[in-house]
Amino acid sequence: MDDVVRQGFICPFCMEDFGDFERLQRHVDDEHSENADDGDITDAVVQNVRGLFDKAKRGIKKLDAKISISELPTEVTRPLVRSGPPRPLPPDVIPRGITRSSTNEFRKLRDESINESAIRTNMLIIRLDRLINGGPKDPSKRREFEREIVPWLDDEDVVCCPLCAAKFGLTRRKHHCRLCGRVLCHNCSQFLSFLSARKLTNPAIAFQMQESLASLNSDAVENIPKSSKQKLISITQQSMDRMKNLIGKVQTVTTGDDVSVSSLLQQEATECLRVCGSCLNDLHRRENMMEQGKAPAIVEQYDHLRNCVGELKQLVPTYVRLATSINNGETMYTLKSAEEMRQKCLEKQRHVDVMSKRIAEESEDCGIREQQMRRNIRATTLQVLQGLIGQTTSLPSVEEYAKLVRKHKEEVAKQVQAARERSQLASDRILKASTSMPLIASNSSNNPSTSSLSSLNSSKSPPTRKTPEVDDGWVPQQSKSFNPFLEDDESINSVNSPLIEQRDQIRGFLAQAASAGKLDEVEMLERNLKEIEEIIRNIGLE
Amino acid sequence: MDILVSCRQMIKEMINLSGTQMKIFLMDKETTSIISCSYAQSEIMQKEVYLFDRLDSKVARDSIGHLKCIVFVRPTAENIALLVSELKRPRYNQYYIYFSNVVNKFDLKSLAEADENEVVREVHEFFMDGIALRKDLNTINLTRIYEQGFSLKQTAAERIKQSIIALLLQLKKNPAIRYQASSSNCSKLADEVSQVIRRENTLFETAQSDVVLLILERSQDVVTPLLNQWTYEAMIHELIGITNNRVNVENQSMVLSELYDDFFTENIISNFGEIGQNIKTLISEFQEQSKINKNLESISDMKKFVEDYPQFKKISGTVTKHVALVGELSKIVQQNNLLEISEVEQSIVADGDHSRCLERIRNLVSNSRTTNLDAVRLVLLYALKFETNPNNEISSLIGSLRLRDSTASRVAANILKYGGQSKRSADLFGGGSTIEITRKFMKGLKGVENIYTQHEPYIKKVVEQFIRGKMDNYPLMGNDSSRQDNLIIYMVGGATYEEAAYVRSMNKKRQQGFGGPSIILSSNCMLNTKSFIDDLSVM
């Protein structure tokens with residue numbers, strides 16, 4: 001904090017010194033009267049927030065005010081009555097509406113009800129595992145083996161099929177679900193192939209089998225799998241074929257004669273399991289959950305598309321920054337790097353276009369809604385692209401750029417000159433204004449009104465915040481100095497200073513960051529570069 | 001307070017909670033309106049929602065295994081049943097379920113038990129149970145809310161209560177509740193709302209209490225919905241009809257949105273004459289730029305111009321469609337002789353000399369150019385104004401309507417029962433107290449600017465009383481008597497766009513720094529004369 005004891009005509013609101021009473025009063029009327037006007041207590045909160053902005057604004061106004069005060073002859077008093085229109089309210093801050101999450105409660109309730117079915121499904125899978133891995137091939141012995149694992153319900157107790165309520169008799173025989181042991185008729189039976197069973201009990205092996213099956217189907221003959229795999233394939237192929245046969249036969253059940261069908265079914269019994277609907281349902285649910293990790297092609301395509309659009313959305317603003325700088329004739333970036341960046345953007349845009357088009361077109365096998373979704377993805381992507389393409393401004397040619405650079409240099413020189421004159425004027429004024437004021441402890445550079453006074457005496461450069469800033473953030477110097485923009489590039493390079501080296505390094509980093517599209521790094525590096533260039537100029541003064 | 005922004009924040013939050021990946025948005029009939037009035041479809045698509053569907057769609061929805069599904073529905077019994085069957089056979093990969101209001105524990109349990117496939121990722125209540133038509137106007141499109149004797153139907157009372165609760169939570173407000181003392185419907189609602197607030201006190205914990213909820217009933221002012229309107233939006237609703245910000249003109253559906261239509265936003269409460277002028281200015285500017293010189297004397301000139309110069313459409317955006325809309329309005333005004341009719345309406349409402357009014361109404365009712373609706377509205381206004389005049393000719397006027405409209409006598413009887421002299425706490429037509437006389441005199445001195453817009457809706461008086469703190473006819477629920485800054489008006493029985501225009505003008509003034517409360521108008525439906533008379537004819 002500023003611990004200097006200050007005297008004089010100091011404004012109680014902003015601690016600014018005004019030299020004499022009239023100036024101070026005028027200042028208070030101009031700058032602080034509005035606080036008295038709005039007695040709007042209800043908006044206190046909003047006022048507080050605005051206060052932050054107002055403070056900053058007042059800071060700027062103060063500078064202007066000082067100039068205007070000293071320019072006015074002291075005899076002329078400005079009218080004190082302020083009868084302006086009412087000031088509009090700032091936009092309301094809309095609070096986020098109240099919401100409530102029931103997710104945890106929902107999960108708890110779900111877990112309670114799901115536990116039961118999970119336990120049952122797990123039991124089924126353990127049974128399934130034992131049924132398909134082992135046991136005799138011989139059908140008659142096989143039945144004993146199955147009954148050992150799952151106790152079957154007694155035939156005698158059941159008169160009707162519990163599922164379709166049809167009476168059992170000579171033509172409708174009793175069957176048992178191999179997983180829960182319940183009795184059911186043939187029509188209500190479902191069949192679980194060994195392959196799907198294996199998928200449930202040992203996903204890894206089943207996956208391998210499927211893979212090799214797929215590679216076989218796609219005529220990849222040169223990729224002959226290992227012998228053990230081959231066996232597996234033949235087994236699965238056999239089972240698949242038989243399954244197909246079976247389905248065909250099941251379909252003929254209604255028309256064909258019973259005897260042959262039942263004997264055929266006996267043969268298949270080793271490769272398929274007869275199960276009831278509810279067990280199969282439980283298993284299917286488990287299967288679905290296991291498969292959730294596997295995404296169809298569109299998911300991958302879409303992810304890729306989204307990533308590319310994301311990159312593009314980062315790249316384009318960086319390019320726009322580069323292009324604006326180049327079009328202003330600044331030398332922060334080279335024309336070549338901007339051109340490269342532009343090419344990169346265009347390439348990405350083309351890529352995104354092609355990808356979204358592909359998503360929209362590869363929709364033959366999808367339902368109507370999915371087709372619509374793919375079209376919507378394409379349309380939305382195009383909309384984004386149009387917005388981005390609108391921003392990618394063009395670059396000047398090499399000759400045009402050279403012209404722009406020259407023009408920019410001249411402008412900078414002019415600004416430097418103007419600012420120098422202005423700051424000279426300002427410090428003269430402050431010197432005049434402060435004469436009435438007895439000074440105590442004048443060596444504090446934190447004190448704005450005294451520091452500029454001391455800076456005049458010691459010919460040090462004033463604190464940068466005292467001088468009005470020019471448009472592009474450059475801080476002009478106090479006195480005649482070396483300015484890199486006014487010199488030829490070679491002459492700068494010939495100065496063998498570590499600072500120059502550092503500057504060149506930052507330029508290199510900047511180019512890298514820009515081409516990588518890292519906007520925040522670019523901003524930081526640009527700031528650094530400007531600081532370094534400023535220091536270089538100051539050193540040039542020495 | 002701005003419900004449109006708040007709705008948009010909520011919708012954004014719903015989508016964000018579901019993360020990235022392709023998404024589908026599943027809604028019911030009412031939530032579809034809620035969403036579509038605050039977000040354009042293309043804008044939601046930018047947030048990776050590529051499909052929209054109804055949970056209750058009659059057509060079977062395809063299953064798309066890799067989609068995330070955002071469900072936003074009202075927590076009704078039907079929706080819960082539909083969700084239960086949806087979860088038992090999930091069509092999509094993951095579900096994010098949001099309810100527009102409080103969902104009860106029992107329903108949550110049946111959903112949880114149905115989710116055997118564990119596809120549900122989130123379950124939330126997002127309190128947003130009404131349609132945000134404008135930033136200060138809210139509705140639920142619920143008509144026919146009364147049963148015999150003008151008490152609220154049980155279902156309607158429940159739905160209105162829910163929408164008020166959701167509105168309060170959405171705005172994050174815990175209000176002091178005032179209600180119209182003369183209405184038992186209002187006092188009942190006020191009581192029920194305050195009970196819910198007490199019961200759900202955890203929900204209202206973070207809410208601010210800087211607002212008054214004022215529950216009014218239409219019966220206090222039955223005149224406003226009977227008048228022809230001359231400000232833009234009110235006029236469109238009166239002459240053509242607006243549903244969920246959509247209006248159909250020349251077989252084209254147009255969206256009238258504050259969000260996507262600058263011309264409309266600026267002219268929502270402009271007078272009909274001003275709008276024509278504003279359009280003309282825009283076209284003239286365009287003509288100057290493109291060195292075209294066409295005469296623009298009438299709306300039909302402008303219409304032709306817009307058709308001839310498609311370039312104008314490009315730069316003017318939405319203006320073109322407003323040319324068509326204004327053209328349609330002026331056609332109806334011409335055809336139906338509305339200038340004359342409106343003048344008579346206003347004179348009934350404003351100064352209202354009995355014999356003169358009667359004569360003019362008789363003339364208009366027998367005029368074949370006058371539509372049935374306008375004839376009925378004139379007679380109803382007459383009946384309301386001269387109900388207690390011993391020389392009134394109400395029955396003979398209704399008799400003359402019989403040929404035009406068979407329900408007219410019932411409507412007239414109902415409107416007097418619903419909102420007649422005995423039901424009104426204050427004089428709708430003025431003329432009684434000395435203050436009223438002075439007010440009129442002052443107005444007379446300034447000159448009546450526009451004879452078609454002399455009428456002011458009754459809520460204007462109510463709001464002025466609120467500002468002065470004179471709310472004797474609107475007692476407080478409980479004893480929270482601190483004076484407050486903001487006002488939520490709930491109008492039981494339907495609001496009008498004339499009232500919405502007044503509220504909008506007040507909020508605009510406040511925004512410009514002239515002070516006054518921030519106001520939101522909410523109601524069960526937006527009335528025009530036709531729908532108001534429809535409602536009255538079935539009571």
# chains A, B, ... in the order shown; residues from 1 in each chain; ligands from 1
>>> closest_atom_pairs(of="chain A", to="chain B", cutoff="9 Å", atoms="only C-alpha atoms", output="JSON lines")
{"residue": "A:Thr42", "atom": "CA", "partner": "B:Asp485", "partner_atom": "CA", "distance": 7.7}
{"residue": "A:Pro85", "atom": "CA", "partner": "B:Gly513", "partner_atom": "CA", "distance": 8.8}
{"residue": "A:Pro86", "atom": "CA", "partner": "B:Gly513", "partner_atom": "CA", "distance": 5.4}
{"residue": "A:Arg87", "atom": "CA", "partner": "B:Gly513", "partner_atom": "CA", "distance": 5.2}
{"residue": "A:Pro88", "atom": "CA", "partner": "B:Gln512", "partner_atom": "CA", "distance": 4.0}
{"residue": "A:Leu89", "atom": "CA", "partner": "B:Gln511", "partner_atom": "CA", "distance": 5.1}
{"residue": "A:Pro90", "atom": "CA", "partner": "B:Gln511", "partner_atom": "CA", "distance": 7.6}
{"residue": "A:Pro91", "atom": "CA", "partner": "B:Gln511", "partner_atom": "CA", "distance": 7.7}
{"residue": "A:Asp92", "atom": "CA", "partner": "B:Met1", "partner_atom": "CA", "distance": 7.0}
{"residue": "A:Val93", "atom": "CA", "partner": "B:Met1", "partner_atom": "CA", "distance": 8.3}
{"residue": "A:Ile94", "atom": "CA", "partner": "B:Met1", "partner_atom": "CA", "distance": 6.5}
{"residue": "A:Pro95", "atom": "CA", "partner": "B:Lys172", "partner_atom": "CA", "distance": 7.1}
{"residue": "A:Arg96", "atom": "CA", "partner": "B:Ser6", "partner_atom": "CA", "distance": 6.5}
{"residue": "A:Gly97", "atom": "CA", "partner": "B:Gln170", "partner_atom": "CA", "distance": 4.2}
{"residue": "A:Ile98", "atom": "CA", "partner": "B:Leu169", "partner_atom": "CA", "distance": 5.4}
{"residue": "A:Thr99", "atom": "CA", "partner": "B:Phe126", "partner_atom": "CA", "distance": 4.8}
{"residue": "A:Arg100", "atom": "CA", "partner": "B:Glu125", "partner_atom": "CA", "distance": 5.1}
{"residue": "A:Ser101", "atom": "CA", "partner": "B:His124", "partner_atom": "CA", "distance": 4.3}
{"residue": "A:Ser102", "atom": "CA", "partner": "B:Val123", "partner_atom": "CA", "distance": 5.3}
{"residue": "A:Thr103", "atom": "CA", "partner": "B:Val123", "partner_atom": "CA", "distance": 4.6}
{"residue": "A:Asn104", "atom": "CA", "partner": "B:Val123", "partner_atom": "CA", "distance": 8.4}
{"residue": "A:Glu105", "atom": "CA", "partner": "B:Leu108", "partner_atom": "CA", "distance": 8.4}
{"residue": "A:Phe106", "atom": "CA", "partner": "B:Ala112", "partner_atom": "CA", "distance": 5.8}
{"residue": "A:Arg107", "atom": "CA", "partner": "B:Ala112", "partner_atom": "CA", "distance": 7.2}
{"residue": "A:Lys108", "atom": "CA", "partner": "B:Ala112", "partner_atom": "CA", "distance": 8.4}
{"residue": "A:Leu109", "atom": "CA", "partner": "B:Ala112", "partner_atom": "CA", "distance": 5.7}
{"residue": "A:Arg110", "atom": "CA", "partner": "B:Ala112", "partner_atom": "CA", "distance": 4.5}
{"residue": "A:Asp111", "atom": "CA", "partner": "B:Ala112", "partner_atom": "CA", "distance": 8.3}
{"residue": "A:Glu112", "atom": "CA", "partner": "B:Glu113", "partner_atom": "CA", "distance": 8.4}
{"residue": "A:Ser113", "atom": "CA", "partner": "B:Glu113", "partner_atom": "CA", "distance": 5.7}
{"residue": "A:Ile114", "atom": "CA", "partner": "B:Glu116", "partner_atom": "CA", "distance": 6.2}
{"residue": "A:Ser117", "atom": "CA", "partner": "B:Glu116", "partner_atom": "CA", "distance": 8.3}
{"residue": "A:Arg285", "atom": "CA", "partner": "B:Asn117", "partner_atom": "CA", "distance": 6.6}
{"residue": "A:Arg286", "atom": "CA", "partner": "B:Asn117", "partner_atom": "CA", "distance": 8.3}
{"residue": "A:Asn288", "atom": "CA", "partner": "B:Asn117", "partner_atom": "CA", "distance": 8.2}
{"residue": "A:Met289", "atom": "CA", "partner": "B:Asn117", "partner_atom": "CA", "distance": 7.1}
{"residue": "A:Gln292", "atom": "CA", "partner": "B:Asn93", "partner_atom": "CA", "distance": 7.7}
{"residue": "A:Ala295", "atom": "CA", "partner": "B:His66", "partner_atom": "CA", "distance": 6.8}
{"residue": "A:Pro296", "atom": "CA", "partner": "B:His66", "partner_atom": "CA", "distance": 7.3}
{"residue": "A:Ile298", "atom": "CA", "partner": "B:His66", "partner_atom": "CA", "distance": 8.7}
{"residue": "A:Val299", "atom": "CA", "partner": "B:His66", "partner_atom": "CA", "distance": 7.1}
{"residue": "A:Tyr302", "atom": "CA", "partner": "B:Gln21", "partner_atom": "CA", "distance": 8.0}
{"residue": "A:Asp303", "atom": "CA", "partner": "B:Gln21", "partner_atom": "CA", "distance": 7.4}
{"residue": "A:Arg306", "atom": "CA", "partner": "B:Gln21", "partner_atom": "CA", "distance": 8.7}
{"residue": "A:Cys366", "atom": "CA", "partner": "B:Ile64", "partner_atom": "CA", "distance": 9.0}
{"residue": "A:Gly367", "atom": "CA", "partner": "B:Asp62", "partner_atom": "CA", "distance": 6.5}
{"residue": "A:Ile368", "atom": "CA", "partner": "B:Asp62", "partner_atom": "CA", "distance": 7.7}
{"residue": "A:Arg369", "atom": "CA", "partner": "B:Asp62", "partner_atom": "CA", "distance": 6.5}
{"residue": "A:Glu370", "atom": "CA", "partner": "B:Ile64", "partner_atom": "CA", "distance": 6.9}
{"residue": "A:Gln372", "atom": "CA", "partner": "B:Leu51", "partner_atom": "CA", "distance": 7.7}
{"residue": "A:Met373", "atom": "CA", "partner": "B:Tyr50", "partner_atom": "CA", "distance": 5.4}
{"residue": "A:Arg374", "atom": "CA", "partner": "B:Tyr50", "partner_atom": "CA", "distance": 8.0}
{"residue": "A:Arg375", "atom": "CA", "partner": "B:Tyr50", "partner_atom": "CA", "distance": 8.8}
{"residue": "A:Asn376", "atom": "CA", "partner": "B:Tyr50", "partner_atom": "CA", "distance": 5.7}
{"residue": "A:Ile377", "atom": "CA", "partner": "B:Tyr50", "partner_atom": "CA", "distance": 6.4}
{"residue": "A:Thr380", "atom": "CA", "partner": "B:Gln46", "partner_atom": "CA", "distance": 6.3}
{"residue": "A:Thr381", "atom": "CA", "partner": "B:Gln46", "partner_atom": "CA", "distance": 8.3}
{"residue": "A:Gln383", "atom": "CA", "partner": "B:Gln46", "partner_atom": "CA", "distance": 8.8}
{"residue": "A:Val384", "atom": "CA", "partner": "B:Gln46", "partner_atom": "CA", "distance": 8.2}
>>> write_last_selection(atoms="C-alpha atoms", output="mmCIF file, in the first residue's frame")
data_model
loop_
_atom_site.group_PDB
_atom_site.id
_atom_site.type_symbol
_atom_site.label_atom_id
_atom_site.label_comp_id
_atom_site.auth_asym_id
_atom_site.auth_seq_id
_atom_site.Cartn_x
_atom_site.Cartn_y
_atom_site.Cartn_z
ATOM 1 C CA THR A 42 -32.286 -2.096 -4.767
ATOM 2 C CA PRO A 85 -31.395 11.235 -19.744
ATOM 3 C CA PRO A 86 -31.780 8.345 -17.254
ATOM 4 C CA ARG A 87 -29.098 5.759 -17.659
ATOM 5 C CA PRO A 88 -30.231 2.345 -18.935
ATOM 6 C CA LEU A 89 -29.891 -0.555 -16.554
ATOM 7 C CA PRO A 90 -27.235 -3.117 -17.309
ATOM 8 C CA PRO A 91 -28.657 -6.415 -18.566
ATOM 9 C CA ASP A 92 -30.006 -8.580 -15.754
ATOM 10 C CA VAL A 93 -27.918 -11.425 -14.511
ATOM 11 C CA ILE A 94 -30.204 -14.395 -15.018
ATOM 12 C CA PRO A 95 -29.640 -17.000 -12.330
ATOM 13 C CA ARG A 96 -29.556 -20.613 -13.349
ATOM 14 C CA GLY A 97 -32.946 -22.159 -12.580
ATOM 15 C CA ILE A 98 -33.298 -24.652 -9.768
ATOM 16 C CA THR A 99 -32.830 -28.299 -10.690
ATOM 17 C CA ARG A 100 -32.662 -31.434 -8.616
ATOM 18 C CA SER A 101 -30.842 -34.655 -9.343
ATOM 19 C CA SER A 102 -32.551 -37.931 -8.513
ATOM 20 C CA THR A 103 -29.808 -39.985 -10.134
ATOM 21 C CA ASN A 104 -28.400 -41.378 -6.904
ATOM 22 C CA GLU A 105 -31.782 -42.360 -5.598
ATOM 23 C CA PHE A 106 -32.625 -43.924 -8.929
ATOM 24 C CA ARG A 107 -29.393 -45.939 -8.900
ATOM 25 C CA LYS A 108 -30.079 -47.189 -5.421
ATOM 26 C CA LEU A 109 -33.567 -48.329 -6.354
ATOM 27 C CA ARG A 110 -32.287 -49.907 -9.540
ATOM 28 C CA ASP A 111 -29.480 -51.770 -7.796
ATOM 29 C CA GLU A 112 -31.958 -53.265 -5.354
ATOM 30 C CA SER A 113 -34.143 -54.633 -8.104
ATOM 31 C CA ILE A 114 -31.332 -55.627 -10.404
ATOM 32 C CA SER A 117 -31.810 -60.855 -11.675
ATOM 33 C CA ARG A 285 -29.661 -59.070 -21.582
ATOM 34 C CA ARG A 286 -26.231 -60.022 -20.324
ATOM 35 C CA ASN A 288 -26.279 -56.938 -24.773
ATOM 36 C CA MET A 289 -24.468 -55.424 -21.844
ATOM 37 C CA GLN A 292 -22.157 -52.273 -25.420
ATOM 38 C CA ALA A 295 -19.434 -49.455 -31.446
ATOM 39 C CA PRO A 296 -20.621 -49.595 -35.043
ATOM 40 C CA ILE A 298 -20.631 -44.679 -37.721
ATOM 41 C CA VAL A 299 -19.548 -43.999 -34.149
ATOM 42 C CA TYR A 302 -18.474 -39.488 -36.234
ATOM 43 C CA ASP A 303 -15.845 -39.250 -33.498
ATOM 44 C CA ARG A 306 -16.046 -34.239 -34.415
ATOM 45 C CA CYS A 366 -30.085 -47.941 -41.956
ATOM 46 C CA GLY A 367 -33.620 -47.261 -40.915
ATOM 47 C CA ILE A 368 -35.394 -44.083 -41.933
ATOM 48 C CA ARG A 369 -34.593 -42.300 -38.698
ATOM 49 C CA GLU A 370 -30.910 -43.133 -38.856
ATOM 50 C CA GLN A 372 -32.367 -38.698 -41.297
ATOM 51 C CA MET A 373 -29.827 -38.456 -38.510
ATOM 52 C CA ARG A 374 -26.943 -38.878 -40.945
ATOM 53 C CA ARG A 375 -28.356 -36.166 -43.154
ATOM 54 C CA ASN A 376 -28.699 -33.894 -40.151
ATOM 55 C CA ILE A 377 -25.081 -34.504 -39.185
ATOM 56 C CA THR A 380 -24.975 -29.259 -39.270
ATOM 57 C CA THR A 381 -21.353 -29.799 -40.288
ATOM 58 C CA GLN A 383 -23.330 -24.954 -41.354
ATOM 59 C CA VAL A 384 -20.243 -24.916 -39.146
#
>>> residues_around(residues="Asn271 of chain B", least_positions_apart="6", cutoff="9 Å", atoms="only C-alpha atoms", output="list of chain:residue names")
B:Trp230, B:Thr231, B:Tyr232
>>> atom_distance(atom1="atom CA of Leu401 of chain B", atom2="atom CA of Asn372 of chain B")
8.3 Å
>>> atom_distance(atom1="atom CA of Ser85 of chain B", atom2="atom CA of Leu163 of chain A")
21.8 Å
>>> closest_residue(among="B:Val247, B:Val84, B:Ile35, B:Ala413", to="Ser395 of chain B", atoms="only C-alpha atoms")
B:Ala413
>>> atom_distance(atom1="atom CA of Glu144 of chain A", atom2="atom CA of Arg120 of chain A")
23.4 Å
>>> select_by_dssp(residues="segment 293-513 of chain B", states="alpha helix (DSSP H)", output="JSON, numbers by chain")
{"B": [299, 300, 301, 302, 303, 304, 305, 306, 307, 308, 310, 311, 312, 313, 314, 315, 316, 319, 320, 321, 322, 323, 324, 325, 326, 327, 328, 329, 330, 331, 332, 333, 334, 335, 338, 339, 340, 341, 342, 343, 344, 345, 346, 347, 348, 349, 354, 355, 356, 357, 358, 359, 360, 361, 362, 363, 364, 365, 366, 372, 373, 374, 375, 376, 377, 378, 379, 380, 381, 382, 383, 384, 385, 394, 395, 396, 397, 398, 399, 400, 401, 408, 409, 410, 411, 412, 413, 414, 415, 416, 417, 418, 419, 434, 435, 436, 437, 438, 439, 440, 441, 442, 443, 444, 445, 446, 458, 459, 460, 461, 462, 463, 464, 465, 466, 467, 468, 497, 498, 499, 500, 501, 502, 503, 504, 505, 506, 507, 508, 509]}
>>> closest_residue(among="A:Lys137, A:Arg23, A:Arg342, A:Arg172", to="Ser515 of chain A", atoms="only C-alpha atoms")
A:Arg342
>>> residues_around(residues="segment 271-283 of chain A", least_positions_apart="4", cutoff="8 Å", atoms="only C-alpha atoms", output="short mmCIF file (atom, residue, chain, number, x, y, z; two decimals) with N, CA and C atoms, in the first residue's frame")
data_model
loop_
_atom_site.label_atom_id
_atom_site.label_comp_id
_atom_site.auth_asym_id
_atom_site.auth_seq_id
_atom_site.Cartn_x
_atom_site.Cartn_y
_atom_site.Cartn_z
N SER A 117 -31.93 -60.27 -10.35
CA SER A 117 -31.81 -60.85 -11.68
C SER A 117 -30.35 -61.11 -12.01
N THR A 121 -28.88 -64.61 -13.29
CA THR A 121 -28.15 -64.71 -14.55
C THR A 121 -26.78 -65.33 -14.33
N LEU A 124 -27.10 -68.98 -14.11
CA LEU A 124 -27.32 -69.57 -15.43
C LEU A 124 -26.01 -69.70 -16.18
N ILE A 125 -25.17 -68.69 -16.06
CA ILE A 125 -23.93 -68.70 -16.84
C ILE A 125 -22.98 -69.78 -16.30
N HIS A 176 -37.35 -80.34 -21.48
CA HIS A 176 -36.86 -79.61 -20.30
C HIS A 176 -35.91 -78.51 -20.72
N CYS A 177 -36.04 -77.40 -20.07
CA CYS A 177 -35.05 -76.33 -20.27
C CYS A 177 -33.77 -76.79 -19.62
N ARG A 178 -32.66 -76.73 -20.39
CA ARG A 178 -31.41 -77.27 -19.87
C ARG A 178 -30.77 -76.35 -18.82
N LEU A 179 -31.32 -75.17 -18.70
CA LEU A 179 -30.70 -74.23 -17.76
C LEU A 179 -31.45 -74.13 -16.43
N CYS A 180 -32.79 -74.24 -16.49
CA CYS A 180 -33.52 -74.14 -15.22
C CYS A 180 -34.28 -75.41 -14.89
N ARG A 182 -37.10 -76.52 -16.10
CA ARG A 182 -38.55 -76.50 -16.19
C ARG A 182 -39.03 -77.29 -17.41
N LEU A 184 -41.36 -77.80 -20.69
CA LEU A 184 -42.06 -76.99 -21.68
C LEU A 184 -42.24 -77.80 -22.96
N CYS A 188 -42.60 -74.11 -27.60
CA CYS A 188 -42.17 -73.01 -26.74
C CYS A 188 -40.67 -73.05 -26.49
N SER A 189 -40.00 -74.08 -26.97
CA SER A 189 -38.56 -74.19 -26.71
C SER A 189 -37.78 -73.20 -27.56
N GLN A 190 -36.70 -72.73 -27.02
CA GLN A 190 -35.76 -71.92 -27.79
C GLN A 190 -34.43 -72.64 -27.76
N PHE A 191 -33.57 -72.30 -28.71
CA PHE A 191 -32.28 -73.01 -28.76
C PHE A 191 -31.13 -72.04 -28.72
N LEU A 192 -30.18 -72.40 -27.89
CA LEU A 192 -29.01 -71.56 -27.74
C LEU A 192 -27.83 -72.29 -28.36
N SER A 193 -27.21 -71.67 -29.37
CA SER A 193 -26.08 -72.35 -30.02
C SER A 193 -24.87 -72.32 -29.09
N PHE A 194 -23.96 -73.25 -29.28
CA PHE A 194 -22.76 -73.30 -28.45
C PHE A 194 -21.92 -72.03 -28.64
N LEU A 200 -20.86 -66.00 -23.98
CA LEU A 200 -21.26 -65.57 -22.64
C LEU A 200 -20.30 -66.07 -21.58
N SER A 239 -21.29 -76.19 -36.33
CA SER A 239 -22.43 -75.86 -35.46
C SER A 239 -23.33 -74.83 -36.12
N MET A 243 -27.03 -75.42 -37.05
CA MET A 243 -28.01 -74.46 -36.53
C MET A 243 -28.96 -74.04 -37.65
N GLU A 287 -25.75 -60.48 -22.63
CA GLU A 287 -24.99 -60.39 -23.88
C GLU A 287 -25.00 -58.94 -24.38
#
>>> closest_residue(among="B:Lys321, B:Ser300, B:Ser219, B:Asn267", to="Ala495 of chain B", atoms="only C-alpha atoms")
B:Ser219
>>> residues_around(residues="Ile398 of chain B", least_positions_apart="5", cutoff="9 Å", atoms="only C-alpha atoms", output="JSON, numbers by chain")
{"B": [376, 379, 380, 393, 408, 409, 412]}
>>> write_last_selection(atoms="N, CA and C atoms", output="CSV table (one decimal), in the first residue's frame")
chain,number,residue,atom,x,y,z
B,376,VAL,N,-71.1,-10.1,-32.2
B,376,VAL,CA,-71.2,-10.6,-30.8
B,376,VAL,C,-70.3,-9.8,-29.9
B,379,VAL,N,-72.0,-6.5,-29.0
B,379,VAL,CA,-73.2,-6.7,-28.1
B,379,VAL,C,-72.7,-7.0,-26.7
B,380,LEU,N,-71.7,-7.9,-26.6
B,380,LEU,CA,-71.2,-8.2,-25.3
B,380,LEU,C,-70.6,-7.0,-24.5
B,393,GLU,N,-80.9,-2.2,-23.5
B,393,GLU,CA,-81.6,-3.0,-24.6
B,393,GLU,C,-80.9,-4.3,-24.8
B,408,ALA,N,-75.2,-17.0,-28.9
B,408,ALA,CA,-75.0,-15.7,-28.4
B,408,ALA,C,-75.7,-15.4,-27.1
B,409,SER,N,-76.9,-15.8,-26.9
B,409,SER,CA,-77.6,-15.5,-25.7
B,409,SER,C,-76.9,-16.2,-24.5
B,412,ALA,N,-73.7,-14.4,-23.7
B,412,ALA,CA,-74.0,-13.1,-23.0
B,412,ALA,C,-74.4,-13.4,-21.5
>>> residues_around(residues="Thr243 of chain B", least_positions_apart="6", cutoff="9 Å", atoms="only C-alpha atoms", output="list in words")
Asn141, His237 and Met526 of chain B
>>> write_last_selection(atoms="N, CA and C atoms", output="PDB file, in the first residue's frame")
ATOM      1  N   ASN B 141     -50.959 -23.124 -22.575  1.00  0.00           N
ATOM      2  CA  ASN B 141     -51.959 -23.487 -23.599  1.00  0.00           C
ATOM      3  C   ASN B 141     -53.083 -24.351 -23.051  1.00  0.00           C
ATOM      4  N   HIS B 237     -52.676 -11.973 -33.288  1.00  0.00           N
ATOM      5  CA  HIS B 237     -53.383 -13.018 -32.540  1.00  0.00           C
ATOM      6  C   HIS B 237     -54.893 -12.840 -32.671  1.00  0.00           C
ATOM      7  N   MET B 526     -53.274 -17.920 -23.933  1.00  0.00           N
ATOM      8  CA  MET B 526     -53.328 -16.583 -24.514  1.00  0.00           C
ATOM      9  C   MET B 526     -54.661 -16.461 -25.257  1.00  0.00           C
TER      10      MET B 526
END
